[in-house]
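Trainee: Once you've had a glance at the structure underneath, I'll fire off some questions.
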Amino acid sequence: LTTSKVAAVIGTVEPLVAQRLGIPKGLQGGYRAINAYYHLLRRGDIKTLEDANRVLISSLDERKRGLARLNKRIDKRKLWKEWENHKPEADGNLQRHREQWAYKYTYWYRSERKKDALGYDGFVGSLRCAWGSIHEATAVLVAVNYFSARNMIVSECGMFAGEAILQDYRKRCSAFNNLNFAQRVQLTLLRKLHDLGCYIGATPDGIITRSNDKSCVEALEVKNHCPFQMYQNHKNPIRIVDKEPTESLPKSYIPQLQLEMFCIGFHCRSAILIRLTATKGSIIHRIHRNDEYIEIVLRRILKFFKNYVVAQKPPESNFGSNDRTLERIVELTHRIAEESSVIARIPHKDIQRCQPFNTPLLR
């Protein structure tokens with residue numbers, strides 16, 4: 001179980017709860033829990049590093065063939081359609097040109113990347129994933145530029161597996177004895193999950209340390225806000241809508257950030273979230289660890305796994321909505337969001353960008 005599925009498993013994206021948390025409709029839906037359920041049913045595929053290499057990593061030949069197919073398609077199609085310099089219509093409205101530009105961009109993804117090596121299937125959600133993947137390096141560079149100027153180091157990292165925490169404290173009994181009650185409870189819940197075959201891991205976009213104190217670690221997560229929005233019942237349903245990032249922390253990110261801090265280790269007490277827009281700059285948040293929240297998340301993962309995955313019964317809509325722990329998660333989510341802080345806003349002119357050779361960007 002990775003952080004991308006945790007919100008679905010604990011029930012915070014189910015419609016009844018998501019509405020209370022102010023989670024956008026596009027991120028809600030019981031189908032997410034169903035997807036997580038089937039994902040966990042395949043838990044036997046990866047148990048060792050060799051299994052992970054076999055399942056997750058494509059061969060070099062496969063990657064070369066996929067890239068060749070993608071480049072061949074790109075060469076056949078013009079990716080850009082200007083709209084800023086178009087003459088306005090008789091009514092002075094440029095919106096039609098903007099819609100056409102957005103349509104050209106998204107049509108390219110729907111048609112040319114439908115079954116390509118990157119795996120995007122053509123839906124709007126996949127377009128947003130594509131946008132996030134393409135601009136992830138730029139968002140990480142925002143972190144590098146900001147924190148390196150403040151005597152801090154941004155490092156690349158891989159997956160932090162939950163079993164590494166268990167192995168570490170099994171080897172060092174003295175370290176286990178130094179844990180507080182909340183940390184011991186978390187380890188106990190993690191052990192129960194692993195005994196059932198539910199392995200937990202998190203892959204943050206990086207970690208941040210102080211150059212003079214490497215023991216102080218923060219998780220780094222970046223989010224790229226896609227400027228394309230879906231409008232129903234319209235001739236050109238996808239439009240460009242790029243807004244200023246709000247200072248309030250989106251609550252949909254909290255389960256992922258808290259689980260990342262947990263998987264990194266008990267010494268990780270905070271996380272940095274960078275939200276990058278297409279033309280409105282970036283905002284940097286700091287979120288603090290909440291051990292009570294993490295404990296409840298682990299309990300709900302354990303309950304989901306026992307009630308649905310082990311029983312091989314797909315979860316119903318709004319599952320567990322009468323559970324008192326879910327009510328507590330809602331309360332803690334609001335508190336964590338309120339206690340988070342905005343470190344900085346980075347204006348658009350200070351975002352270091354480089355246009356990739358094979359992918360269109362907003363100018």
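Ligands are numbered from 1 in the order shown, chains are lettered A, B, ... in the order of the structure tokens, and residues start at 1 in each chain.
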Mind listing the strand (DSSP E or B) residues of segment 162-229 of chain A, per DSSP on the backbone, as a list in words?
Mentor: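 Here are the strand (DSSP E or B) residues of segment 162-229 of chain A: Gly201, Ala202, Gly206, Ile207, Ile208, Thr209, Arg210, Asp213, Lys214, Ser215, Cys216, Val217, Glu218, Ala219, Leu220, Glu221, Val222, Lys223, Asn224, Phe228 and Gln229 of chain A.
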Trainee: Please save N, CA, C and O atoms of the selected residues as a short mmCIF file (atom, residue, chain, number, x, y, z; two decimals), in the first residue's frame.
Mentor:
```cif
data_model
loop_
_atom_site.label_atom_id
_atom_site.label_comp_id
_atom_site.auth_asym_id
_atom_site.auth_seq_id
_atom_site.Cartn_x
_atom_site.Cartn_y
_atom_site.Cartn_z
N GLY A 201 4.49 1.42 2.09
CA GLY A 201 5.66 2.17 1.66
C GLY A 201 5.28 3.55 1.17
O GLY A 201 4.14 3.80 0.81
N ALA A 202 6.24 4.45 1.19
CA ALA A 202 6.01 5.82 0.73
C ALA A 202 7.22 6.29 -0.06
O ALA A 202 8.37 6.00 0.31
N GLY A 206 11.38 13.83 -2.40
CA GLY A 206 12.72 14.13 -1.92
C GLY A 206 12.70 14.25 -0.41
O GLY A 206 11.65 14.13 0.23
N ILE A 207 13.86 14.48 0.17
CA ILE A 207 13.95 14.78 1.60
C ILE A 207 14.81 16.02 1.77
O ILE A 207 15.70 16.30 0.95
N ILE A 208 14.53 16.76 2.82
CA ILE A 208 15.24 18.01 3.08
C ILE A 208 15.93 17.90 4.44
O ILE A 208 15.30 17.52 5.44
N THR A 209 17.22 18.19 4.46
CA THR A 209 17.99 18.16 5.71
C THR A 209 18.74 19.48 5.86
O THR A 209 18.97 20.20 4.88
N ARG A 210 19.14 19.76 7.08
CA ARG A 210 19.98 20.92 7.34
C ARG A 210 21.44 20.53 7.14
O ARG A 210 21.85 19.45 7.55
N ASP A 213 22.96 19.63 10.40
CA ASP A 213 22.26 18.66 11.25
C ASP A 213 21.49 17.70 10.36
O ASP A 213 20.31 17.91 10.07
N LYS A 214 22.14 16.61 9.95
CA LYS A 214 21.52 15.65 9.03
C LYS A 214 20.42 14.83 9.70
O LYS A 214 19.66 14.15 9.02
N SER A 215 20.34 14.86 11.03
CA SER A 215 19.32 14.08 11.72
C SER A 215 17.94 14.73 11.62
O SER A 215 16.93 14.09 11.87
N CYS A 216 17.91 16.01 11.29
CA CYS A 216 16.64 16.73 11.13
C CYS A 216 16.17 16.57 9.69
O CYS A 216 16.75 17.15 8.77
N VAL A 217 15.13 15.77 9.48
CA VAL A 217 14.69 15.40 8.14
C VAL A 217 13.25 15.85 7.92
O VAL A 217 12.40 15.70 8.80
N GLU A 218 12.99 16.40 6.74
CA GLU A 218 11.63 16.74 6.34
C GLU A 218 11.32 16.04 5.02
O GLU A 218 12.18 15.96 4.13
N ALA A 219 10.11 15.53 4.89
CA ALA A 219 9.67 14.96 3.62
C ALA A 219 9.36 16.09 2.64
O ALA A 219 8.88 17.15 3.04
N LEU A 220 9.64 15.86 1.37
CA LEU A 220 9.32 16.84 0.33
C LEU A 220 8.31 16.23 -0.63
O LEU A 220 8.53 15.15 -1.18
N GLU A 221 7.21 16.92 -0.81
CA GLU A 221 6.19 16.50 -1.77
C GLU A 221 5.85 17.70 -2.65
O GLU A 221 5.68 18.82 -2.16
N VAL A 222 5.77 17.47 -3.96
CA VAL A 222 5.44 18.56 -4.88
C VAL A 222 4.15 18.21 -5.63
O VAL A 222 3.89 17.05 -5.95
N LYS A 223 3.34 19.23 -5.88
CA LYS A 223 2.10 19.08 -6.62
C LYS A 223 2.05 20.15 -7.71
O LYS A 223 2.30 21.33 -7.44
N ASN A 224 1.74 19.73 -8.91
CA ASN A 224 1.61 20.66 -10.03
C ASN A 224 0.14 20.81 -10.40
O ASN A 224 -0.52 19.83 -10.75
N PHE A 228 -5.79 22.86 -16.99
CA PHE A 228 -6.92 22.46 -17.82
C PHE A 228 -8.07 22.01 -16.94
O PHE A 228 -7.92 21.15 -16.07
N GLN A 229 -9.23 22.59 -17.16
CA GLN A 229 -10.43 22.27 -16.40
C GLN A 229 -11.50 21.71 -17.34
O GLN A 229 -11.60 22.10 -18.49
#
```
Trainee: Could you write out, as a VMD selection string, all the residues of segment 152-232 of chain A that DSSP marks as alpha helix (DSSP H)?
Mentor: chain A and resid 162 to 171 173 to 177 181 to 196
Trainee: So how far away is atom CA of Ile165 of chain A from atom CA of Gly265 of chain A, in Å?
Mentor: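 Computing it gives 6.8 Å between the two atoms.
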Trainee: Just give me the gap between atom CA of Pro314 of chain A and atom CA of Pro204 of chain A in Å, one decimal is fine.
Mentor: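 For atom CA of Pro314 of chain A relative to atom CA of Pro204 of chain A, the distance reads 28.7 Å.
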Trainee: Do a neighbour search on Asp195 of chain A at 12 Å with only C-alpha atoms, toss out local chain neighbours closer than 3 positions, and write the hits as a count of residues only.
Mentor: 13
Trainee: Would you please work out which residue, of A:Gln312, A:Ser148, A:Ser211, A:Thr333, is nearest to Arg42 of chain A when using only C-alpha atoms?
Mentor: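 Closest to Arg42 of chain A of all the choices is A:Gln312.
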Trainee: Between A:Gly281, A:Pro255, A:Pro315, A:Pro250, single out the one closest to Tyr31 of chain A, counting only C-alpha atoms.
Mentor: A:Pro315
Trainee: Just the residues within 9 Å of Cys226 of chain A, please, counting only C-alpha atoms, with nothing from its chain fewer than 2 positions along; format it as a list in words.
Mentor: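 Skipping anything fewer than 2 positions along the chain leaves Leu127, Arg128, Cys129, Trp131, Gly132, Asn224, Phe228, Gln229, Ile240, Val241, Asp242, Thr277 and Ala278 of chain A.
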Trainee: I'd like the contact shell of Phe160 of chain A - 8 Å cut-off, only C-alpha atoms, skipping same-chain residues fewer than 2 positions apart - returned as a ChimeraX atom specification.
Mentor: /A:158,162,164,201-203,263-264
